[in-house]
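Everything below concerns the one structure shown next.
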Amino acid sequence: MSQQGLDEVLIEGLEIDATIGVYDWEQDIQQKLLIDLVLAWDCQRAGESDNIDDALDYAAVSQAVEKWVKAQPRALIETVAEGIAELLFKDFGVTEAQVKVSKPGAVPNAANVAVKIRRTRVDGPFG
Ligand SMILES: Nc1nc2c(c(=O)[nH]1)N=C([C@H](O)[C@@H](O)CO)CN2
């Protein structure tokens with residue numbers, strides 16, 4: 001995914017129960033979301049130093065994503081995907097992210113439904 005040919009950190013199948021949906025009844029229940037992330041990150045420094053401070057800490061990212069998703073009810077899984085990308089750019093210094101949000105229980109006859117977005121951080125005038 002990385003356009004600069006850098007490495008990637010992956011988080012796959014992060015399961016989060018959330019208030020999510022466009023219908024009123026969906027705002028009264030919790031539904032399962034599955035989050036898959038592909039995050040551009042140069043892993044070489046961490047691979048050489050063996051120091052977590054040089055790594056993109058997938059545990060910290062997972063925790064932050066779960067906290068953000070659970071923080072408030074939302075209608076669309078698109079909103080969840082965009083918000084996660086923003087969080088990764090703002091709080092973790094990620095510059096490119098692929099975010100897939102699945103809602104596996106949403107359509108009875110479908111194994112899964114999902115959106116997948118790819119975003120690149122656009123820095124402001126002061127970086
Ligand atoms: N593109 C989307 N389509 C739909 C969404 C969504 O979040 N994105 N959500 C719904 C309902 O909430 C559905 O999951 C209830 O079964 C319908 N379509």
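Going by the structure tokens order, chains are called A, B, ..., each with residues numbered from 1, while ligands are numbered from 1 in the order shown.
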As number ranges by chain, please: every protein or nucleic acid residue near ligand 1 (cut-off 10 Å, counting only C-alpha atoms and all ligand atoms). A: 20-27, 31, 74-80, 101-108, 113-115
Create the file for the chosen residues now, containing C-alpha atoms and written as an mmCIF file, in the first residue's frame.
data_model
loop_
_atom_site.group_PDB
_atom_site.id
_atom_site.type_symbol
_atom_site.label_atom_id
_atom_site.label_comp_id
_atom_site.auth_asym_id
_atom_site.auth_seq_id
_atom_site.Cartn_x
_atom_site.Cartn_y
_atom_site.Cartn_z
ATOM 1 C CA ILE A 20 -23.749 1.897 14.995
ATOM 2 C CA GLY A 21 -26.489 2.145 12.399
ATOM 3 C CA VAL A 22 -28.833 4.389 10.460
ATOM 4 C CA TYR A 23 -32.052 3.037 11.986
ATOM 5 C CA ASP A 24 -33.471 4.088 15.364
ATOM 6 C CA TRP A 25 -33.477 0.528 16.710
ATOM 7 C CA GLU A 26 -29.777 0.269 15.998
ATOM 8 C CA GLN A 27 -29.098 3.120 18.394
ATOM 9 C CA GLN A 31 -23.313 -4.508 17.124
ATOM 10 C CA ARG A 74 -22.641 6.786 14.909
ATOM 11 C CA ALA A 75 -24.828 5.996 11.913
ATOM 12 C CA LEU A 76 -22.488 4.927 9.126
ATOM 13 C CA ILE A 77 -19.478 2.642 9.032
ATOM 14 C CA GLU A 78 -17.975 5.206 6.631
ATOM 15 C CA THR A 79 -17.906 7.695 9.527
ATOM 16 C CA VAL A 80 -16.077 5.150 11.651
ATOM 17 C CA VAL A 101 -14.632 -1.485 8.745
ATOM 18 C CA SER A 102 -16.808 -4.595 8.551
ATOM 19 C CA LYS A 103 -20.294 -4.992 10.005
ATOM 20 C CA PRO A 104 -20.751 -8.731 9.649
ATOM 21 C CA GLY A 105 -24.256 -8.961 11.148
ATOM 22 C CA ALA A 106 -25.815 -6.212 9.027
ATOM 23 C CA VAL A 107 -27.206 -8.100 6.030
ATOM 24 C CA PRO A 108 -28.714 -11.488 6.880
ATOM 25 C CA VAL A 113 -20.470 -6.006 4.478
ATOM 26 C CA ALA A 114 -17.690 -3.461 4.774
ATOM 27 C CA VAL A 115 -16.133 -0.242 3.589
#
Residues near Asp17 of chain A, anyone? I mean within 10 Å using only C-alpha atoms, not counting same-chain ones fewer than 3 positions away, as number ranges by chain. A: 20, 29-34, 66, 69-70
Nearest to Val94 of chain A by atom-to-atom distance, counting only C-alpha atoms, from A:Ala71, A:Asp42, A:Ala111, A:Ala59: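 Nearest to Val94 of chain A: A:Asp42.
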Contacts of Lys116 of chain A at 8 Å (only C-alpha atoms; same-chain gap of 5+ positions) as a list in words: Ala81, Gln98, Val99, Lys100 and Val101 of chain A
Using only C-alpha atoms, can you tell me which of A:Ala40, A:Leu10, A:Ala55, A:Val61 comes closest to Thr120 of chain A?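 Ranked by minimum distance to Thr120 of chain A, first place goes to A:Ala40.
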Which of chain A end up as alpha helix (DSSP H) when DSSP is run on this backbone - answer as a PDB file with N, CA and C atoms, in the first residue's frame?
ATOM      1  N   GLN A  44      12.296  -0.348  10.095  1.00  0.00           N
ATOM      2  CA  GLN A  44      13.727  -0.681  10.151  1.00  0.00           C
ATOM      3  C   GLN A  44      14.368  -0.233  11.464  1.00  0.00           C
ATOM      4  N   ARG A  45      14.051   1.004  11.892  1.00  0.00           N
ATOM      5  CA  ARG A  45      14.668   1.526  13.117  1.00  0.00           C
ATOM      6  C   ARG A  45      14.338   0.630  14.318  1.00  0.00           C
ATOM      7  N   ALA A  46      13.056   0.263  14.441  1.00  0.00           N
ATOM      8  CA  ALA A  46      12.658  -0.613  15.555  1.00  0.00           C
ATOM      9  C   ALA A  46      13.310  -1.987  15.430  1.00  0.00           C
ATOM     10  N   GLY A  47      13.429  -2.445  14.187  1.00  0.00           N
ATOM     11  CA  GLY A  47      14.052  -3.755  13.958  1.00  0.00           C
ATOM     12  C   GLY A  47      15.516  -3.770  14.338  1.00  0.00           C
ATOM     13  N   GLU A  48      16.145  -2.598  14.263  1.00  0.00           N
ATOM     14  CA  GLU A  48      17.573  -2.511  14.629  1.00  0.00           C
ATOM     15  C   GLU A  48      17.776  -2.209  16.104  1.00  0.00           C
ATOM     16  N   SER A  49      16.898  -1.365  16.687  1.00  0.00           N
ATOM     17  CA  SER A  49      17.084  -0.958  18.091  1.00  0.00           C
ATOM     18  C   SER A  49      16.443  -1.935  19.072  1.00  0.00           C
ATOM     19  N   TYR A  58       1.287  -1.556  18.009  1.00  0.00           N
ATOM     20  CA  TYR A  58      -0.041  -2.015  17.578  1.00  0.00           C
ATOM     21  C   TYR A  58      -1.003  -2.183  18.748  1.00  0.00           C
ATOM     22  N   ALA A  59      -0.465  -2.432  19.933  1.00  0.00           N
ATOM     23  CA  ALA A  59      -1.342  -2.550  21.111  1.00  0.00           C
ATOM     24  C   ALA A  59      -1.938  -1.184  21.464  1.00  0.00           C
ATOM     25  N   ALA A  60      -1.086  -0.154  21.447  1.00  0.00           N
ATOM     26  CA  ALA A  60      -1.562   1.203  21.748  1.00  0.00           C
ATOM     27  C   ALA A  60      -2.560   1.677  20.693  1.00  0.00           C
ATOM     28  N   VAL A  61      -2.268   1.369  19.421  1.00  0.00           N
ATOM     29  CA  VAL A  61      -3.184   1.758  18.346  1.00  0.00           C
ATOM     30  C   VAL A  61      -4.535   1.064  18.536  1.00  0.00           C
ATOM     31  N   SER A  62      -4.508  -0.232  18.822  1.00  0.00           N
ATOM     32  CA  SER A  62      -5.751  -0.992  18.983  1.00  0.00           C
ATOM     33  C   SER A  62      -6.594  -0.421  20.110  1.00  0.00           C
ATOM     34  N   GLN A  63      -5.928  -0.093  21.217  1.00  0.00           N
ATOM     35  CA  GLN A  63      -6.626   0.458  22.384  1.00  0.00           C
ATOM     36  C   GLN A  63      -7.269   1.812  22.041  1.00  0.00           C
ATOM     37  N   ALA A  64      -6.510   2.654  21.350  1.00  0.00           N
ATOM     38  CA  ALA A  64      -7.020   3.990  20.997  1.00  0.00           C
ATOM     39  C   ALA A  64      -8.188   3.892  20.023  1.00  0.00           C
ATOM     40  N   VAL A  65      -8.084   2.982  19.064  1.00  0.00           N
ATOM     41  CA  VAL A  65      -9.169   2.803  18.093  1.00  0.00           C
ATOM     42  C   VAL A  65     -10.432   2.326  18.811  1.00  0.00           C
ATOM     43  N   GLU A  66     -10.281   1.357  19.694  1.00  0.00           N
ATOM     44  CA  GLU A  66     -11.451   0.852  20.430  1.00  0.00           C
ATOM     45  C   GLU A  66     -12.100   1.976  21.239  1.00  0.00           C
ATOM     46  N   LYS A  67     -11.281   2.769  21.927  1.00  0.00           N
ATOM     47  CA  LYS A  67     -11.806   3.863  22.742  1.00  0.00           C
ATOM     48  C   LYS A  67     -12.570   4.868  21.872  1.00  0.00           C
ATOM     49  N   TRP A  68     -12.004   5.207  20.709  1.00  0.00           N
ATOM     50  CA  TRP A  68     -12.644   6.183  19.830  1.00  0.00           C
ATOM     51  C   TRP A  68     -13.962   5.639  19.276  1.00  0.00           C
ATOM     52  N   VAL A  69     -13.961   4.392  18.848  1.00  0.00           N
ATOM     53  CA  VAL A  69     -15.178   3.816  18.248  1.00  0.00           C
ATOM     54  C   VAL A  69     -16.308   3.746  19.268  1.00  0.00           C
ATOM     55  N   LYS A  70     -15.969   3.417  20.522  1.00  0.00           N
ATOM     56  CA  LYS A  70     -16.983   3.260  21.555  1.00  0.00           C
ATOM     57  C   LYS A  70     -17.443   4.600  22.153  1.00  0.00           C
ATOM     58  N   ILE A  77     -20.823   3.198   8.859  1.00  0.00           N
ATOM     59  CA  ILE A  77     -19.478   2.642   9.032  1.00  0.00           C
ATOM     60  C   ILE A  77     -18.449   3.501   8.286  1.00  0.00           C
ATOM     61  N   GLU A  78     -18.888   4.272   7.295  1.00  0.00           N
ATOM     62  CA  GLU A  78     -17.975   5.206   6.631  1.00  0.00           C
ATOM     63  C   GLU A  78     -17.427   6.235   7.625  1.00  0.00           C
ATOM     64  N   THR A  79     -18.312   6.705   8.518  1.00  0.00           N
ATOM     65  CA  THR A  79     -17.906   7.695   9.527  1.00  0.00           C
ATOM     66  C   THR A  79     -16.858   7.105  10.462  1.00  0.00           C
ATOM     67  N   VAL A  80     -17.048   5.833  10.789  1.00  0.00           N
ATOM     68  CA  VAL A  80     -16.077   5.150  11.651  1.00  0.00           C
ATOM     69  C   VAL A  80     -14.723   5.047  10.943  1.00  0.00           C
ATOM     70  N   ALA A  81     -14.747   4.688   9.665  1.00  0.00           N
ATOM     71  CA  ALA A  81     -13.490   4.540   8.919  1.00  0.00           C
ATOM     72  C   ALA A  81     -12.741   5.870   8.832  1.00  0.00           C
ATOM     73  N   GLU A  82     -13.462   6.947   8.501  1.00  0.00           N
ATOM     74  CA  GLU A  82     -12.809   8.265   8.380  1.00  0.00           C
ATOM     75  C   GLU A  82     -12.241   8.716   9.726  1.00  0.00           C
ATOM     76  N   GLY A  83     -13.001   8.481  10.779  1.00  0.00           N
ATOM     77  CA  GLY A  83     -12.548   8.900  12.113  1.00  0.00           C
ATOM     78  C   GLY A  83     -11.301   8.157  12.558  1.00  0.00           C
ATOM     79  N   ILE A  84     -11.256   6.880  12.245  1.00  0.00           N
ATOM     80  CA  ILE A  84     -10.065   6.096  12.612  1.00  0.00           C
ATOM     81  C   ILE A  84      -8.844   6.610  11.848  1.00  0.00           C
ATOM     82  N   ALA A  85      -9.006   6.894  10.563  1.00  0.00           N
ATOM     83  CA  ALA A  85      -7.874   7.416   9.776  1.00  0.00           C
ATOM     84  C   ALA A  85      -7.368   8.723  10.392  1.00  0.00           C
ATOM     85  N   GLU A  86      -8.291   9.606  10.753  1.00  0.00           N
ATOM     86  CA  GLU A  86      -7.911  10.886  11.373  1.00  0.00           C
ATOM     87  C   GLU A  86      -7.134  10.681  12.675  1.00  0.00           C
ATOM     88  N   LEU A  87      -7.636   9.755  13.488  1.00  0.00           N
ATOM     89  CA  LEU A  87      -6.987   9.432  14.764  1.00  0.00           C
ATOM     90  C   LEU A  87      -5.551   8.954  14.542  1.00  0.00           C
ATOM     91  N   LEU A  88      -5.377   8.101  13.556  1.00  0.00           N
ATOM     92  CA  LEU A  88      -4.045   7.550  13.284  1.00  0.00           C
ATOM     93  C   LEU A  88      -3.080   8.640  12.825  1.00  0.00           C
ATOM     94  N   PHE A  89      -3.577   9.583  12.031  1.00  0.00           N
ATOM     95  CA  PHE A  89      -2.737  10.679  11.551  1.00  0.00           C
ATOM     96  C   PHE A  89      -2.375  11.619  12.702  1.00  0.00           C
ATOM     97  N   LYS A  90      -3.388  11.956  13.514  1.00  0.00           N
ATOM     98  CA  LYS A  90      -3.197  12.972  14.562  1.00  0.00           C
ATOM     99  C   LYS A  90      -2.377  12.453  15.733  1.00  0.00           C
ATOM    100  N   ASP A  91      -2.695  11.247  16.193  1.00  0.00           N
ATOM    101  CA  ASP A  91      -2.140  10.782  17.472  1.00  0.00           C
ATOM    102  C   ASP A  91      -0.983   9.803  17.329  1.00  0.00           C
ATOM    103  N   PHE A  92      -0.781   9.260  16.124  1.00  0.00           N
ATOM    104  CA  PHE A  92       0.263   8.247  15.990  1.00  0.00           C
ATOM    105  C   PHE A  92       1.283   8.555  14.902  1.00  0.00           C
TER     106      PHE A  92
END
When DSSP is applied to the backbone of this structure, which of chain A are assigned strand (DSSP E)? Write them out as a VMD selection string. chain A and resid 8 to 18 31 to 40 96 to 102 114 to 120
Go ahead and save the residues from that selection, with N, CA and C atoms, as a short mmCIF file (atom, residue, chain, number, x, y, z; two decimals), in the first residue's frame.
data_model
loop_
_atom_site.label_atom_id
_atom_site.label_comp_id
_atom_site.auth_asym_id
_atom_site.auth_seq_id
_atom_site.Cartn_x
_atom_site.Cartn_y
_atom_site.Cartn_z
N GLU A 8 4.95 -1.80 6.56
CA GLU A 8 3.58 -1.66 7.05
C GLU A 8 3.40 -2.36 8.38
N VAL A 9 2.56 -1.78 9.21
CA VAL A 9 2.10 -2.44 10.43
C VAL A 9 0.63 -2.78 10.22
N LEU A 10 0.27 -4.03 10.51
CA LEU A 10 -1.09 -4.50 10.26
C LEU A 10 -1.81 -4.85 11.57
N ILE A 11 -3.07 -4.49 11.62
CA ILE A 11 -3.95 -4.96 12.69
C ILE A 11 -5.15 -5.57 11.99
N GLU A 12 -5.42 -6.83 12.28
CA GLU A 12 -6.46 -7.56 11.53
C GLU A 12 -7.54 -8.08 12.47
N GLY A 13 -8.77 -7.85 12.08
CA GLY A 13 -9.90 -8.43 12.81
C GLY A 13 -10.08 -7.91 14.22
N LEU A 14 -9.79 -6.63 14.41
CA LEU A 14 -10.00 -6.01 15.73
C LEU A 14 -11.51 -5.90 15.97
N GLU A 15 -11.99 -6.63 16.97
CA GLU A 15 -13.44 -6.75 17.19
C GLU A 15 -13.88 -5.74 18.23
N ILE A 16 -14.85 -4.91 17.85
CA ILE A 16 -15.35 -3.87 18.76
C ILE A 16 -16.87 -3.85 18.72
N ASP A 17 -17.49 -3.94 19.88
CA ASP A 17 -18.94 -3.78 19.97
C ASP A 17 -19.26 -2.29 20.08
N ALA A 18 -20.15 -1.82 19.20
CA ALA A 18 -20.40 -0.38 19.14
C ALA A 18 -21.87 -0.10 18.87
N GLN A 31 -23.57 -3.58 18.23
CA GLN A 31 -23.31 -4.51 17.12
C GLN A 31 -21.80 -4.64 16.92
N LYS A 32 -21.46 -5.81 16.41
CA LYS A 32 -20.03 -6.10 16.23
C LYS A 32 -19.47 -5.43 14.97
N LEU A 33 -18.38 -4.72 15.16
CA LEU A 33 -17.59 -4.22 14.02
C LEU A 33 -16.25 -4.92 14.03
N LEU A 34 -15.72 -5.18 12.85
CA LEU A 34 -14.37 -5.72 12.72
C LEU A 34 -13.52 -4.70 11.97
N ILE A 35 -12.37 -4.37 12.55
CA ILE A 35 -11.51 -3.34 11.96
C ILE A 35 -10.22 -3.98 11.47
N ASP A 36 -9.88 -3.68 10.23
CA ASP A 36 -8.59 -4.10 9.67
C ASP A 36 -7.81 -2.86 9.27
N LEU A 37 -6.58 -2.78 9.71
CA LEU A 37 -5.75 -1.61 9.42
C LEU A 37 -4.45 -2.03 8.74
N VAL A 38 -4.08 -1.27 7.71
CA VAL A 38 -2.76 -1.41 7.10
C VAL A 38 -2.12 -0.02 7.18
N LEU A 39 -1.05 0.10 7.95
CA LEU A 39 -0.48 1.40 8.28
C LEU A 39 0.94 1.48 7.78
N ALA A 40 1.22 2.47 6.93
CA ALA A 40 2.58 2.65 6.44
C ALA A 40 3.47 3.08 7.60
N GLU A 96 0.08 7.22 5.99
CA GLU A 96 -0.81 6.54 5.04
C GLU A 96 -1.51 5.41 5.77
N ALA A 97 -2.81 5.32 5.54
CA ALA A 97 -3.58 4.29 6.24
C ALA A 97 -4.63 3.69 5.31
N GLN A 98 -4.75 2.38 5.39
CA GLN A 98 -5.90 1.70 4.80
C GLN A 98 -6.75 1.21 5.96
N VAL A 99 -8.02 1.59 5.95
CA VAL A 99 -8.92 1.25 7.05
C VAL A 99 -10.13 0.52 6.49
N LYS A 100 -10.34 -0.69 6.96
CA LYS A 100 -11.53 -1.47 6.56
C LYS A 100 -12.41 -1.65 7.79
N VAL A 101 -13.68 -1.30 7.65
CA VAL A 101 -14.63 -1.48 8.75
C VAL A 101 -15.71 -2.44 8.25
N SER A 102 -15.81 -3.59 8.89
CA SER A 102 -16.81 -4.59 8.55
C SER A 102 -17.92 -4.60 9.59
N ALA A 114 -18.82 -4.25 4.28
CA ALA A 114 -17.69 -3.46 4.77
C ALA A 114 -17.45 -2.26 3.88
N VAL A 115 -16.72 -1.29 4.42
CA VAL A 115 -16.13 -0.24 3.59
C VAL A 115 -14.62 -0.28 3.81
N LYS A 116 -13.90 0.08 2.78
CA LYS A 116 -12.44 0.14 2.88
C LYS A 116 -11.98 1.46 2.27
N ILE A 117 -11.25 2.25 3.06
CA ILE A 117 -10.77 3.53 2.55
C ILE A 117 -9.25 3.56 2.62
N ARG A 118 -8.65 4.33 1.75
CA ARG A 118 -7.21 4.57 1.81
C ARG A 118 -7.01 6.08 1.90
N ARG A 119 -6.26 6.51 2.90
CA ARG A 119 -6.07 7.95 3.11
C ARG A 119 -4.59 8.24 3.32
N THR A 120 -4.18 9.40 2.80
CA THR A 120 -2.83 9.90 3.02
C THR A 120 -2.94 11.20 3.78
#
Take atom CA of Arg121 of chain A and atom CA of Cys43 of chain A and report the distance between them in Å, one decimal. 18.7 Å
Separation of atom CA of Leu56 of chain A from atom CA of Thr95 of chain A, in Å and rounded to one decimal: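 Interatomic distance, atom CA of Leu56 of chain A to atom CA of Thr95 of chain A: 11.9 Å.
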